[in-house]
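**Student:** Supplied structure: input_13.tsv, TSV, C-alpha atoms.
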chain	number	residue	atom	x	y	z
N	6	MET	CA	234.42	-77.00	-128.61
N	7	THR	CA	235.39	-77.68	-124.98
N	8	ILE	CA	237.66	-80.60	-124.13
N	9	GLU	CA	234.83	-82.30	-122.19
N	10	LEU	CA	232.46	-82.20	-125.17
N	11	PHE	CA	235.19	-83.35	-127.57
N	12	ILE	CA	236.06	-86.42	-125.45
N	13	ALA	CA	232.38	-87.21	-124.75
N	14	ARG	CA	231.69	-87.28	-128.50
N	15	LYS	CA	234.69	-89.57	-129.04
N	16	TYR	CA	233.38	-91.96	-126.37
N	17	LEU	CA	229.99	-92.13	-128.10
N	18	LYS	CA	231.68	-93.63	-131.18
N	19	ALA	CA	232.33	-97.09	-129.79
N	20	LYS	CA	235.09	-99.28	-131.19
N	21	ARG	CA	234.40	-102.78	-132.46
N	22	LYS	CA	235.30	-104.39	-129.14
N	23	GLU	CA	232.85	-102.02	-127.40
N	24	GLY	CA	229.88	-103.11	-129.51
N	25	PHE	CA	227.85	-104.22	-126.47
N	26	ILE	CA	228.22	-100.78	-124.88
N	27	SER	CA	227.12	-99.24	-128.15
N	28	LEU	CA	224.04	-101.50	-128.17
N	29	ILE	CA	223.09	-100.36	-124.66
N	30	THR	CA	223.54	-96.75	-125.74
N	31	PHE	CA	221.23	-97.34	-128.72
N	32	LEU	CA	218.63	-99.02	-126.49
N	33	SER	CA	218.87	-96.08	-124.08
N	34	VAL	CA	218.12	-93.61	-126.88
N	35	ALA	CA	215.27	-95.83	-128.14
N	36	GLY	CA	213.80	-96.15	-124.63
N	37	VAL	CA	213.78	-92.40	-124.02
N	38	THR	CA	212.33	-91.83	-127.49
N	39	LEU	CA	209.52	-94.35	-126.92
N	40	GLY	CA	208.69	-93.01	-123.46
N	41	VAL	CA	208.57	-89.35	-124.52
N	42	MET	CA	206.56	-90.18	-127.66
N	43	ALA	CA	204.00	-92.18	-125.67
N	44	LEU	CA	203.73	-89.41	-123.09
N	45	VAL	CA	203.16	-86.70	-125.69
N	46	VAL	CA	200.46	-88.70	-127.51
N	47	VAL	CA	198.61	-89.89	-124.40
N	48	ILE	CA	198.64	-86.50	-122.67
N	49	ALA	CA	197.43	-84.87	-125.92
N	50	VAL	CA	194.53	-87.35	-126.11
N	51	MET	CA	193.62	-86.72	-122.45
N	52	SER	CA	193.71	-82.95	-123.04
N	53	GLY	CA	191.58	-83.43	-126.15
N	54	ALA	CA	189.00	-85.42	-124.18
N	55	GLU	CA	188.83	-82.69	-121.54
N	56	THR	CA	188.43	-80.00	-124.22
N	57	GLU	CA	185.69	-81.98	-126.00
N	58	PHE	CA	183.73	-82.54	-122.79
N	59	ARG	CA	184.03	-78.85	-121.93
N	60	LYS	CA	182.81	-77.76	-125.37
N	61	ARG	CA	179.84	-80.10	-125.24
N	62	ILE	CA	178.84	-79.11	-121.73
N	63	LEU	CA	179.17	-75.39	-122.44
N	64	GLY	CA	177.06	-75.92	-125.57
N	65	LEU	CA	174.13	-76.83	-123.31
N	66	GLU	CA	174.76	-75.10	-120.00
N	67	PRO	CA	175.22	-71.44	-119.05
N	68	HIS	CA	178.62	-70.47	-117.71
N	69	ILE	CA	177.05	-69.24	-114.47
N	70	LEU	CA	173.67	-69.98	-112.85
N	71	ILE	CA	172.03	-67.64	-110.35
N	72	MET	CA	169.61	-69.66	-108.23
N	73	ASN	CA	167.45	-69.16	-105.17
N	74	TYR	CA	167.47	-71.18	-101.94
N	75	GLN	CA	163.67	-70.97	-101.90
N	76	GLY	CA	163.38	-72.68	-105.29
N	77	THR	CA	161.60	-70.76	-108.03
N	78	PHE	CA	161.41	-66.96	-107.81
N	79	ASP	CA	159.74	-64.04	-109.59
N	80	ASN	CA	160.47	-60.32	-110.05
N	81	TYR	CA	163.69	-61.16	-111.88
N	82	GLN	CA	163.58	-58.53	-114.61
N	83	GLY	CA	165.40	-55.95	-112.50
N	84	LEU	CA	168.17	-58.46	-111.81
N	85	LEU	CA	168.47	-59.23	-115.53
N	86	ASP	CA	168.83	-55.52	-116.35
N	87	LYS	CA	171.46	-55.12	-113.62
N	88	LEU	CA	173.52	-58.06	-114.88
N	89	LYS	CA	173.61	-56.71	-118.44
N	90	THR	CA	175.66	-53.73	-117.25
N	91	SER	CA	178.65	-55.96	-116.37
N	92	PRO	CA	181.44	-55.67	-118.98
N	93	HIS	CA	182.25	-59.42	-118.85
N	94	ILE	CA	178.69	-60.71	-119.26
N	95	ILE	CA	177.71	-61.18	-122.91
N	96	ASP	CA	174.20	-62.61	-122.41
N	97	THR	CA	171.65	-63.58	-119.77
N	98	SER	CA	168.51	-65.69	-119.91
N	99	PRO	CA	165.77	-66.79	-117.49
N	100	ILE	CA	165.38	-70.57	-117.26
N	101	LEU	CA	162.76	-72.80	-115.66
N	102	PHE	CA	163.65	-76.40	-114.80
N	103	GLY	CA	160.86	-78.93	-114.48
N	104	GLN	CA	160.27	-82.67	-114.39
N	105	ALA	CA	157.56	-84.28	-116.48
N	106	MET	CA	156.42	-87.47	-118.16
N	107	ILE	CA	156.33	-87.59	-121.93
N	108	ARG	CA	153.59	-89.68	-123.55
N	109	THR	CA	153.34	-90.56	-127.19
N	110	GLY	CA	151.29	-93.07	-129.13
N	111	ARG	CA	154.18	-95.55	-128.79
N	112	SER	CA	155.92	-94.89	-125.50
N	113	PHE	CA	155.97	-93.31	-122.04
N	114	SER	CA	159.12	-91.82	-120.48
N	115	GLY	CA	160.45	-89.32	-117.95
N	116	VAL	CA	161.91	-86.05	-119.20
N	117	MET	CA	163.63	-82.94	-117.88
N	118	VAL	CA	161.89	-79.87	-119.29
N	119	ARG	CA	163.67	-76.56	-119.67
N	120	GLY	CA	161.65	-73.46	-120.31
N	121	ILE	CA	163.68	-70.81	-122.14
N	122	SER	CA	163.24	-67.47	-123.86
N	123	PRO	CA	163.98	-67.98	-127.58
N	124	GLU	CA	165.63	-64.58	-127.96
N	125	HIS	CA	168.23	-65.51	-125.31
N	126	GLY	CA	168.24	-69.30	-125.48
N	127	ALA	CA	170.29	-69.85	-128.62
N	128	SER	CA	173.38	-70.49	-126.50
N	129	LEU	CA	171.60	-73.39	-124.79
N	130	ILE	CA	170.87	-75.48	-127.88
N	131	LYS	CA	173.72	-76.24	-130.22
N	132	GLY	CA	172.90	-75.54	-133.86
N	133	TYR	CA	169.93	-73.24	-133.20
N	134	SER	CA	170.03	-69.51	-133.85
N	135	ALA	CA	167.67	-67.15	-132.04
N	136	ALA	CA	165.47	-66.80	-135.14
N	137	ARG	CA	165.29	-70.54	-135.71
N	138	LEU	CA	164.55	-71.12	-132.03
N	139	GLU	CA	161.75	-68.54	-132.09
N	140	LYS	CA	160.15	-70.34	-135.01
N	141	ALA	CA	160.63	-73.84	-133.57
N	142	LEU	CA	159.18	-73.08	-130.13
N	143	GLY	CA	156.36	-70.87	-131.37
N	144	PRO	CA	152.80	-72.06	-132.19
N	145	ASP	CA	152.51	-74.40	-135.16
N	146	LYS	CA	149.69	-73.09	-137.37
N	147	THR	CA	149.48	-76.38	-139.28
N	148	ASN	CA	148.78	-78.30	-136.04
N	149	GLY	CA	146.14	-76.19	-134.36
N	150	ASN	CA	148.62	-73.65	-132.99
N	151	LEU	CA	150.14	-76.25	-130.68
N	152	PRO	CA	153.34	-74.98	-129.04
N	153	GLY	CA	156.62	-76.41	-130.32
N	154	ILE	CA	159.07	-78.53	-128.40
N	155	ILE	CA	162.68	-79.55	-129.12
N	156	LEU	CA	163.84	-82.96	-127.90
N	157	GLY	CA	167.23	-84.54	-127.47
N	158	LYS	CA	167.95	-86.89	-130.35
N	159	GLU	CA	168.23	-89.98	-128.14
N	160	LEU	CA	165.05	-89.04	-126.28
N	161	ALA	CA	163.15	-88.64	-129.56
N	162	ASN	CA	164.38	-92.05	-130.70
N	163	SER	CA	163.48	-93.74	-127.43
N	164	VAL	CA	159.89	-92.46	-127.42
N	165	GLY	CA	159.54	-92.97	-131.17
N	166	VAL	CA	158.76	-89.48	-132.47
N	167	ILE	CA	160.03	-87.44	-135.40
N	168	GLU	CA	159.60	-83.81	-136.40
N	169	GLY	CA	155.90	-83.01	-136.83
N	170	ASP	CA	154.64	-85.65	-134.35
N	171	LYS	CA	152.45	-84.67	-131.40
N	172	LEU	CA	153.07	-85.64	-127.80
N	173	ILE	CA	151.74	-84.92	-124.31
N	174	LEU	CA	153.76	-83.69	-121.34
N	175	MET	CA	152.39	-84.51	-117.88
N	176	SER	CA	153.77	-82.59	-114.93
N	177	SER	CA	154.08	-83.79	-111.35
N	178	LYS	CA	151.96	-80.77	-110.44
N	179	SER	CA	148.26	-81.50	-110.29
N	180	PHE	CA	144.99	-79.64	-109.89
N	181	ILE	CA	141.67	-80.60	-108.26
N	182	SER	CA	138.78	-81.43	-110.54
N	183	PRO	CA	135.29	-82.89	-109.97
N	184	ILE	CA	136.77	-86.36	-110.43
N	185	GLY	CA	139.73	-85.77	-108.15
N	186	GLN	CA	143.34	-84.66	-108.65
N	187	ILE	CA	144.48	-84.63	-112.25
N	188	PRO	CA	148.10	-84.07	-113.33
N	189	SER	CA	148.78	-80.94	-115.33
N	190	MET	CA	149.08	-81.84	-119.01
N	191	LYS	CA	149.93	-79.98	-122.21
N	192	ARG	CA	150.10	-81.04	-125.84
N	193	PHE	CA	153.11	-80.11	-127.95
N	194	VAL	CA	154.32	-80.74	-131.48
N	195	VAL	CA	157.92	-81.81	-132.10
N	196	ARG	CA	159.65	-79.07	-134.11
N	197	GLY	CA	163.20	-80.31	-133.97
N	198	THR	CA	165.89	-82.33	-132.19
N	199	PHE	CA	169.40	-81.58	-130.99
N	200	SER	CA	172.52	-83.67	-130.47
N	201	SER	CA	175.17	-82.57	-128.00
N	202	GLY	CA	177.20	-85.77	-128.17
N	203	MET	CA	176.53	-86.50	-124.49
N	204	SER	CA	173.90	-89.16	-123.84
N	205	GLU	CA	173.11	-87.74	-120.38
N	206	TYR	CA	171.68	-84.66	-122.09
N	207	ASP	CA	170.46	-86.08	-125.40
N	208	GLY	CA	168.44	-88.79	-123.66
N	209	MET	CA	166.51	-86.69	-121.15
N	210	LEU	CA	166.27	-83.00	-122.14
N	211	ALA	CA	163.35	-81.20	-123.81
N	212	TYR	CA	163.15	-77.46	-124.50
N	213	THR	CA	160.02	-75.35	-124.79
N	214	ARG	CA	159.07	-71.72	-124.39
N	215	LEU	CA	159.33	-70.29	-120.89
N	216	ASP	CA	155.63	-69.41	-120.65
N	217	GLN	CA	154.62	-72.91	-121.78
N	218	ALA	CA	156.86	-74.53	-119.17
N	219	GLN	CA	155.51	-72.18	-116.50
N	220	GLY	CA	151.98	-73.23	-117.38
N	221	LEU	CA	152.93	-76.90	-117.32
N	222	VAL	CA	154.46	-76.84	-113.83
N	223	SER	CA	152.02	-74.23	-112.46
N	224	SER	CA	154.72	-71.62	-111.83
N	225	LYS	CA	153.29	-68.55	-113.50
N	226	ASP	CA	155.87	-65.76	-113.95
N	227	ARG	CA	158.42	-67.73	-111.92
N	228	ILE	CA	161.79	-69.15	-112.96
N	229	SER	CA	164.34	-71.56	-111.50
N	230	ALA	CA	167.54	-69.73	-112.46
N	231	ILE	CA	169.13	-66.98	-114.48
N	232	GLY	CA	171.74	-68.23	-116.92
N	233	ILE	CA	174.80	-66.06	-117.57
N	234	TRP	CA	177.30	-66.31	-120.43
N	235	VAL	CA	180.68	-64.62	-120.03
N	236	ASP	CA	183.41	-63.62	-122.47
N	237	GLU	CA	186.17	-65.69	-120.78
N	238	VAL	CA	185.07	-69.14	-119.58
N	239	PHE	CA	188.32	-69.74	-117.66
N	240	LYS	CA	187.89	-66.49	-115.73
N	241	VAL	CA	184.46	-67.53	-114.54
N	242	LYS	CA	185.57	-67.66	-110.88
N	243	SER	CA	186.55	-63.99	-110.74
N	244	ILE	CA	183.44	-62.93	-112.69
N	245	ARG	CA	181.34	-65.04	-110.36
N	246	GLU	CA	182.72	-63.21	-107.32
N	247	GLN	CA	181.86	-59.85	-108.90
N	248	VAL	CA	178.29	-61.02	-109.57
N	249	LEU	CA	177.98	-62.54	-106.10
N	250	ASN	CA	178.92	-59.23	-104.45
N	251	SER	CA	175.94	-57.60	-106.12
N	252	LEU	CA	173.46	-60.24	-104.87
N	253	GLU	CA	171.77	-60.71	-101.55
N	254	TYR	CA	170.31	-63.69	-99.72
N	255	PRO	CA	168.53	-65.96	-100.72
N	256	PHE	CA	170.37	-65.96	-104.06
N	257	TYR	CA	173.41	-68.14	-104.64
N	258	ILE	CA	175.66	-68.86	-107.62
N	259	ARG	CA	177.02	-71.96	-109.31
N	260	ASP	CA	179.41	-71.93	-112.26
N	261	TRP	CA	180.17	-74.59	-114.87
N	262	MET	CA	183.34	-75.63	-113.06
N	263	ASP	CA	181.42	-76.33	-109.84
N	264	ILE	CA	178.57	-78.15	-111.57
N	265	ASN	CA	180.94	-80.46	-113.46
N	266	HIS	CA	183.65	-80.60	-110.80
N	267	SER	CA	183.62	-84.41	-110.45
N	268	LEU	CA	183.97	-85.00	-114.21
N	269	PHE	CA	186.88	-82.61	-114.74
N	270	SER	CA	188.59	-83.70	-111.51
N	271	ALA	CA	188.45	-87.31	-112.72
N	272	LEU	CA	189.93	-86.30	-116.08
N	273	LYS	CA	192.76	-84.35	-114.41
N	274	LEU	CA	193.46	-87.26	-112.04
N	275	GLU	CA	193.57	-89.70	-114.96
N	276	LYS	CA	195.86	-87.36	-116.88
N	277	THR	CA	198.23	-87.13	-113.91
N	278	ALA	CA	198.16	-90.90	-113.37
N	279	MET	CA	198.98	-91.55	-117.03
N	280	PHE	CA	201.85	-89.07	-116.84
N	281	ILE	CA	203.33	-90.86	-113.83
N	282	ILE	CA	202.85	-94.35	-115.31
N	283	LEU	CA	204.34	-93.52	-118.69
N	284	THR	CA	207.25	-91.66	-117.08
N	285	LEU	CA	208.35	-95.08	-115.82
N	286	ILE	CA	209.29	-95.91	-119.43
N	287	ILE	CA	211.70	-92.97	-119.42
N	288	LEU	CA	212.94	-94.08	-115.99
N	289	VAL	CA	213.79	-97.55	-117.35
N	290	ALA	CA	215.64	-95.91	-120.23
N	291	ALA	CA	217.51	-93.77	-117.69
N	292	PHE	CA	218.74	-96.94	-115.96
N	293	ASN	CA	220.07	-98.04	-119.35
N	294	ILE	CA	221.92	-94.73	-119.64
N	295	ALA	CA	223.42	-95.26	-116.18
N	296	SER	CA	224.41	-98.83	-117.09
N	297	ALA	CA	226.03	-97.71	-120.33
N	298	LEU	CA	228.01	-95.01	-118.51
N	299	ILE	CA	229.14	-97.40	-115.76
N	300	MET	CA	230.35	-99.90	-118.34
N	301	MET	CA	232.04	-97.06	-120.22
N	302	VAL	CA	233.82	-95.98	-117.02
N	303	MET	CA	235.03	-99.55	-116.45
N	304	ASP	CA	236.17	-99.85	-120.07
N	305	LYS	CA	237.91	-96.45	-120.14
N	306	THR	CA	239.83	-96.91	-116.89
N	307	LYS	CA	243.25	-96.43	-118.50
N	308	GLU	CA	242.11	-93.43	-120.55
N	309	ILE	CA	240.69	-91.76	-117.43
N	310	ALA	CA	243.95	-92.41	-115.58
N	311	VAL	CA	245.96	-90.89	-118.44
N	312	LEU	CA	243.70	-87.84	-118.55
N	313	LYS	CA	244.17	-87.32	-114.80
N	314	ALA	CA	247.92	-87.79	-115.12
N	315	MET	CA	247.90	-85.09	-117.80
N	316	GLY	CA	246.22	-82.68	-115.42
N	317	ALA	CA	242.49	-83.27	-115.89
N	318	THR	CA	240.61	-82.37	-112.73
N	319	ARG	CA	237.78	-84.31	-111.14
N	320	ASP	CA	235.28	-81.78	-112.48
N	321	ILE	CA	236.52	-82.30	-116.06
N	322	ILE	CA	236.18	-86.10	-115.77
N	323	ARG	CA	232.75	-85.72	-114.18
N	324	ARG	CA	231.57	-83.39	-116.94
N	325	ILE	CA	232.81	-85.75	-119.68
N	326	PHE	CA	230.49	-88.56	-118.60
N	327	MET	CA	227.64	-86.21	-117.70
N	328	ILE	CA	227.81	-84.68	-121.18
N	329	LYS	CA	227.86	-88.14	-122.77
N	330	GLY	CA	224.75	-89.15	-120.83
N	331	MET	CA	222.98	-85.88	-121.62
N	332	ILE	CA	223.72	-86.27	-125.32
N	333	ILE	CA	221.90	-89.63	-125.17
N	334	GLY	CA	219.04	-88.08	-123.18
N	335	PHE	CA	218.76	-85.03	-125.42
N	336	LEU	CA	218.79	-87.14	-128.56
N	337	GLY	CA	216.08	-89.47	-127.22
N	338	THR	CA	213.96	-86.59	-125.93
N	339	SER	CA	214.20	-84.70	-129.22
N	340	LEU	CA	213.30	-87.75	-131.31
N	341	GLY	CA	210.45	-88.70	-128.96
N	342	THR	CA	209.02	-85.18	-128.88
N	343	GLY	CA	209.19	-84.88	-132.66
N	344	ALA	CA	207.59	-88.29	-133.20
N	345	GLY	CA	204.86	-87.58	-130.64
N	346	VAL	CA	203.99	-84.21	-132.19
N	347	LEU	CA	203.92	-85.79	-135.65
N	348	ILE	CA	201.58	-88.58	-134.51
N	349	CYS	CA	199.27	-86.05	-132.81
N	350	PHE	CA	199.18	-84.00	-136.01
N	351	LEU	CA	198.29	-87.08	-138.08
N	352	LEU	CA	195.61	-88.21	-135.60
N	353	LYS	CA	193.99	-84.79	-135.57
N	354	ARG	CA	194.14	-84.22	-139.32
N	355	TYR	CA	193.19	-87.60	-140.75
N	356	ASP	CA	191.06	-89.28	-138.02
N	357	PHE	CA	192.22	-92.75	-139.08
N	358	ILE	CA	191.44	-94.29	-135.64
N	359	ARG	CA	187.70	-94.84	-135.21
N	360	LEU	CA	186.22	-95.58	-131.79
N	361	PRO	CA	183.23	-97.86	-131.08
N	362	GLN	CA	179.82	-96.32	-130.35
N	363	ALA	CA	180.29	-97.08	-126.64
N	364	TYR	CA	182.64	-94.08	-126.45
N	365	PRO	CA	181.38	-90.48	-126.47
N	366	PHE	CA	183.76	-89.67	-129.36
N	367	SER	CA	183.82	-91.15	-132.85
N	368	THR	CA	187.59	-90.52	-133.19
N	369	LEU	CA	190.44	-89.90	-130.78
N	370	PRO	CA	190.23	-86.29	-129.53
N	371	VAL	CA	193.69	-84.72	-129.74
N	372	GLU	CA	194.62	-81.36	-128.25
N	373	LEU	CA	198.37	-80.74	-128.25
N	374	GLU	CA	199.22	-78.08	-125.67
N	375	VAL	CA	202.66	-76.46	-125.66
N	376	PRO	CA	203.00	-76.37	-121.81
N	377	ASP	CA	202.38	-80.14	-121.67
N	378	VAL	CA	205.06	-80.82	-124.31
N	379	VAL	CA	207.53	-78.56	-122.48
N	380	VAL	CA	206.88	-80.29	-119.14
N	381	ILE	CA	207.33	-83.74	-120.72
N	382	ALA	CA	210.59	-82.75	-122.44
N	383	LEU	CA	212.01	-81.10	-119.30
N	384	SER	CA	211.00	-84.07	-117.12
N	385	SER	CA	212.77	-86.44	-119.51
N	386	LEU	CA	215.94	-84.34	-119.51
N	387	VAL	CA	215.93	-84.10	-115.70
N	388	ILE	CA	215.57	-87.90	-115.35
N	389	CYS	CA	218.40	-88.44	-117.85
N	390	PHE	CA	220.58	-85.90	-116.01
N	391	LEU	CA	220.01	-87.66	-112.68
N	392	SER	CA	221.03	-90.98	-114.26
N	393	THR	CA	224.47	-89.53	-115.10
N	394	LEU	CA	225.34	-88.38	-111.57
N	395	TYR	CA	226.50	-91.68	-110.05
N	396	PRO	CA	228.63	-92.95	-113.01
N	397	SER	CA	230.29	-89.55	-113.51
N	398	HIS	CA	230.98	-89.30	-109.76
N	399	LYS	CA	232.62	-92.74	-109.73
N	400	ALA	CA	234.75	-91.80	-112.74
N	401	SER	CA	235.92	-88.55	-111.13
N	402	LYS	CA	237.01	-90.31	-107.91
N	403	MET	CA	239.17	-92.89	-109.75
N	404	ASP	CA	242.77	-93.03	-108.56
N	405	PRO	CA	245.03	-92.73	-111.67
N	406	VAL	CA	247.90	-94.76	-110.09
N	407	GLU	CA	245.62	-97.68	-109.16
N	408	ALA	CA	243.85	-97.45	-112.54
N	409	ILE	CA	247.13	-97.72	-114.49
N	410	ARG	CA	248.49	-100.48	-112.23
N	411	TYR	CA	245.40	-102.73	-112.36
N	412	GLY	CA	243.70	-101.41	-115.56
Would you kindly transcribe this structure into structure tokens?
**Tutor:**
Amino acid sequence: MTIELFIARKYLKAKRKEGFISLITFLSVAGVTLGVMALVVVIAVMSGAETEFRKRILGLEPHILIMNYQGTFDNYQGLLDKLKTSPHIIDTSPILFGQAMIRTGRSFSGVMVRGISPEHGASLIKGYSAARLEKALGPDKTNGNLPGIILGKELANSVGVIEGDKLILMSSKSFISPIGQIPSMKRFVVRGTFSSGMSEYDGMLAYTRLDQAQGLVSSKDRISAIGIWVDEVFKVKSIREQVLNSLEYPFYIRDWMDINHSLFSALKLEKTAMFIILTLIILVAAFNIASALIMMVMDKTKEIAVLKAMGATRDIIRRIFMIKGMIIGFLGTSLGTGAGVLICFLLKRYDFIRLPQAYPFSTLPVELEVPDVVVIALSSLVICFLSTLYPSHKASKMDPVEAIRYG
């Protein structure tokens, strides 16, 4: 054990007359512990929210969309075959987007229709395999071979339909008849619902077969986009560039990060803001560390003078008080990190905090990421280290003769 560490440990054990200094030291440790613990828990919840949103969005959206500046396009089969040769693309699917009005015996509402190919559309609807999707969107023999449709759960509730009910979709496209222009209409039978956990999707989306959607919006053999699913969602930018190099005008590409840029940017900004705000708790604790060290320097004036008279250099005196402060900081950081990790583990395992229905999650989403914990711990230690610089500097500059004379 070095002389600096030995003396620093001795100074941590306050005598009876130094009880107030000991109290400040305890409060410093408690403050660092509280700040680090709060940071770990809050950042883990923010990361969990980001992960949950990403999972839900990617459960309904392709990772990459190839679209056309001219709107819908045809002759896409060759492009589909070309895309399948890429080693990073695991699936592709043609998609047709359309707007329509849904009419039932009880209600009337707007809806976003997506025409999909059942053999490739399983990735678009959470909980549906390709076989189940083929059956659900195919003709229903018990209802006059009406084509099937799958509605978002909130949409089905708002228009008052359940599985087996019939409904009518009316497109904005119209055709001329002897009595004038009539909107294009098709009858469907509800064959299922889906729940993504996001009301923006569950309250407006309806899925049907691609050919049925094409007939509804009068876009025979035309699609709005080609959906692409890749093996690494976080490498979508590099994969996108590879796909883009193989395309020509008027095609363009959007990936899931671009489409949901505002949402994830807001989450990252909130995460950063919470990190800065909660770091102030550690900063307050750091002021307590500095106060405790300053009072310790004032109380140990004679001891410092004796040490200098015995040959202790300025660097030794400086290191004594820096080590004392870092022991406080390290102890608080360790306790706070351990407590934060334990709380995150309990929140994730037992779900004992329930959120109101106004929130998109039923329980607190927790995703503890090692880099976040490391950054929090290192930030705490750096703040604690900075708080030791001034007191240790003042102690090292003390004149031993003046300290003994007036101490």
**Student:** Let me make sure I understand: among N:Val241, N:Val302, N:Ala54, N:Val166, which one has the smallest atom-to-atom distance to Leu373 of chain N if we use all atoms listed in the file?
**Tutor:**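 Among N:Val241, N:Val302, N:Ala54, N:Val166, it is N:Ala54 that comes nearest to Leu373 of chain N.
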**Student:** Have a look at N:Gln75, N:Ser122, N:Ser385, N:Ser397 and name the one nearest to Val289 of chain N; count all atoms listed in the file.
**Tutor:** N:Ser385
**Student:** Quick one, how far is atom CA of Asn150 of chain N from atom CA of Gln219 of chain N?
**Tutor:**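 These atoms are spaced 17.9 Å apart.
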**Student:** For Phe292 of chain N, find every residue with an atom within 12 Å (counting only C-alpha atoms), except residues of its own chain fewer than 4 positions away, and show them as a short mmCIF file (atom, residue, chain, number, x, y, z; two decimals) with C-alpha atoms, keeping the file's coordinate frame.
**Tutor:**
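Writing the result to selection.cif gives the following:
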data_model
loop_
_atom_site.label_atom_id
_atom_site.label_comp_id
_atom_site.auth_asym_id
_atom_site.auth_seq_id
_atom_site.Cartn_x
_atom_site.Cartn_y
_atom_site.Cartn_z
CA ILE N 29 223.09 -100.36 -124.66
CA THR N 30 223.54 -96.75 -125.74
CA LEU N 32 218.63 -99.02 -126.49
CA SER N 33 218.87 -96.08 -124.08
CA VAL N 34 218.12 -93.61 -126.88
CA GLY N 36 213.80 -96.15 -124.63
CA VAL N 37 213.78 -92.40 -124.02
CA LEU N 285 208.35 -95.08 -115.82
CA ILE N 286 209.29 -95.91 -119.43
CA ILE N 287 211.70 -92.97 -119.42
CA LEU N 288 212.94 -94.08 -115.99
CA SER N 296 224.41 -98.83 -117.09
CA ALA N 297 226.03 -97.71 -120.33
CA LEU N 298 228.01 -95.01 -118.51
CA ILE N 299 229.14 -97.40 -115.76
CA GLY N 330 224.75 -89.15 -120.83
CA GLY N 334 219.04 -88.08 -123.18
CA ILE N 388 215.57 -87.90 -115.35
CA CYS N 389 218.40 -88.44 -117.85
CA PHE N 390 220.58 -85.90 -116.01
CA LEU N 391 220.01 -87.66 -112.68
CA SER N 392 221.03 -90.98 -114.26
CA THR N 393 224.47 -89.53 -115.10
CA LEU N 394 225.34 -88.38 -111.57
CA TYR N 395 226.50 -91.68 -110.05
CA PRO N 396 228.63 -92.95 -113.01
#
**Student:** For Arg359 of chain N, find every residue with an atom within 8 Å (counting all atoms listed in the file), except residues of its own chain fewer than 3 positions away, and show them as a ChimeraX atom specification.
**Tutor:** /N:356,367-369
**Student:** Mind pulling up the distance from atom CA of Glu205 of chain N to atom CA of Leu129 of chain N?
**Tutor:**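 A separation of 15.1 Å between them.
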